[in-house]
Amino acid sequence: MATLVWPVVRDRVFRRVVLRAYDECCAVTGLKLINGGGRAEIEAAHIQPVEANGPDIISNGMALSGTARWMFDRGLIGFDSETRILVSRQANDPDSVLSIVNAT
């Protein structure tokens, strides 16, 4: 039973520390979306996936809005070692992808 609880607890802690590090703003768009209940609508994503032994540490986390997370999960965007945003050559409209990227 403990093996089923541990990932949930780990995910909550990881989410909390990553969102705090990014001030609850999406690292790609810069948006800070707070729902009616006061909860940030931003997800904590692992840069190196847990399945690939990605650690649950802030430097392996990125705060992403739903759209940015979707693009990241599908390989349309990625991050280099300096966490600069990279747009995949596979993106059929890279200009549209770049249009949501926060310039600051």
# chains A, B, ... in the order shown; residues from 1 in each chain; ligands from 1
call {"tool": "select_by_dssp", "arguments": {"residues": "region 46-99 of chain A", "states": "alpha helix (DSSP H)", "output": "VMD selection string"}}
result
chain A and resid 66 to 73 94 to 99
call {"tool": "write_last_selection", "arguments": {"atoms": "C-alpha atoms", "output": "tab-separated table (two decimals), in the first residue's frame"}}
result
chain	number	residue	atom	x	y	z
A	66	GLY	CA	-1.79	23.43	-19.79
A	67	THR	CA	-0.97	24.41	-23.37
A	68	ALA	CA	2.76	24.61	-22.73
A	69	ARG	CA	2.65	21.24	-20.93
A	70	TRP	CA	0.80	19.70	-23.87
A	71	MET	CA	3.43	21.00	-26.32
A	72	PHE	CA	6.26	19.82	-24.04
A	73	ASP	CA	4.78	16.34	-23.59
A	94	PRO	CA	6.86	27.16	-35.37
A	95	ASP	CA	5.86	30.84	-35.59
A	96	SER	CA	2.58	30.08	-33.78
A	97	VAL	CA	4.47	28.14	-31.12
A	98	LEU	CA	6.91	31.03	-30.68
A	99	SER	CA	4.03	33.53	-30.46
call {"tool": "residues_around", "arguments": {"residues": "Arg84 (chain A)", "least_positions_apart": "2", "cutoff": "12 Å", "atoms": "only C-alpha atoms", "output": "list of chain:residue names"}}
result
A:Ala27, A:Val28, A:Met62, A:Ile77, A:Gly78, A:Phe79, A:Asp80, A:Ser81, A:Glu82, A:Leu86, A:Val87, A:Val101, A:Asn102, A:Ala103, A:Thr104
call {"tool": "write_last_selection", "arguments": {"atoms": "N, CA, C and O atoms", "output": "CSV table (one decimal), in the first residue's frame"}}
result
chain,number,residue,atom,x,y,z
A,27,ALA,N,6.6,29.0,-17.1
A,27,ALA,CA,7.9,29.3,-17.6
A,27,ALA,C,8.0,29.6,-19.1
A,27,ALA,O,8.9,30.3,-19.5
A,28,VAL,N,7.0,29.2,-19.8
A,28,VAL,CA,7.0,29.4,-21.3
A,28,VAL,C,6.2,30.7,-21.6
A,28,VAL,O,6.7,31.5,-22.3
A,62,MET,N,9.8,22.3,-14.2
A,62,MET,CA,9.4,23.4,-14.9
A,62,MET,C,8.0,23.7,-14.7
A,62,MET,O,7.2,22.7,-14.8
A,77,ILE,N,8.0,21.5,-28.0
A,77,ILE,CA,9.0,22.4,-27.4
A,77,ILE,C,9.8,21.6,-26.4
A,77,ILE,O,9.4,20.5,-25.9
A,78,GLY,N,11.0,22.1,-26.1
A,78,GLY,CA,11.9,21.5,-25.2
A,78,GLY,C,12.7,22.6,-24.5
A,78,GLY,O,12.5,23.8,-24.8
A,79,PHE,N,13.7,22.2,-23.7
A,79,PHE,CA,14.5,23.1,-23.0
A,79,PHE,C,16.0,22.7,-23.2
A,79,PHE,O,16.3,21.5,-23.0
A,80,ASP,N,16.9,23.7,-23.4
A,80,ASP,CA,18.3,23.3,-23.4
A,80,ASP,C,18.9,23.3,-22.0
A,80,ASP,O,18.1,23.5,-21.0
A,81,SER,N,20.2,23.2,-21.9
A,81,SER,CA,20.8,23.1,-20.5
A,81,SER,C,20.7,24.4,-19.8
A,81,SER,O,20.8,24.4,-18.6
A,82,GLU,N,20.4,25.5,-20.5
A,82,GLU,CA,20.2,26.8,-19.8
A,82,GLU,C,18.7,27.1,-19.6
A,82,GLU,O,18.4,28.3,-19.4
A,86,LEU,N,13.3,25.6,-26.7
A,86,LEU,CA,13.6,25.1,-28.1
A,86,LEU,C,12.3,24.7,-28.8
A,86,LEU,O,11.5,24.0,-28.1
A,87,VAL,N,12.1,25.0,-30.0
A,87,VAL,CA,11.0,24.6,-30.8
A,87,VAL,C,11.4,23.5,-31.7
A,87,VAL,O,12.4,23.7,-32.5
A,101,VAL,N,5.4,32.2,-26.5
A,101,VAL,CA,6.6,32.3,-25.7
A,101,VAL,C,6.8,33.7,-25.1
A,101,VAL,O,6.8,34.7,-25.9
A,102,ASN,N,6.9,33.7,-23.8
A,102,ASN,CA,7.1,35.0,-23.1
A,102,ASN,C,8.5,35.5,-23.5
A,102,ASN,O,9.5,34.8,-23.2
A,103,ALA,N,8.7,36.7,-24.0
A,103,ALA,CA,10.0,37.2,-24.4
A,103,ALA,C,10.9,37.6,-23.3
A,103,ALA,O,12.1,37.7,-23.5
A,104,THR,N,10.4,37.7,-22.1
A,104,THR,CA,11.2,38.2,-21.0
A,104,THR,C,11.9,37.0,-20.3
A,104,THR,O,11.4,35.9,-20.3
call {"tool": "closest_residue", "arguments": {"among": "A:Ile42, A:Ala91, A:Val18, A:Val13", "to": "Asn60 (chain A)", "atoms": "only C-alpha atoms"}}
result
A:Val18
call {"tool": "select_by_dssp", "arguments": {"residues": "chain A", "states": "strand (DSSP E)", "output": "PyMOL selection string"}}
result
chain A and resi 43-46+61-64+77-79+85-87
call {"tool": "closest_residue", "arguments": {"among": "A:Cys25, A:Leu76, A:Ile85, A:Ile57", "to": "Glu41 (chain A)", "atoms": "only C-alpha atoms"}}
result
A:Cys25
call {"tool": "atom_distance", "arguments": {"atom1": "CA of Val17 (chain A)", "atom2": "CA of Gly61 (chain A)"}}
result
9.0 Å
call {"tool": "atom_distance", "arguments": {"atom1": "CA of Arg20 (chain A)", "atom2": "CA of Pro49 (chain A)"}}
result
20.0 Å
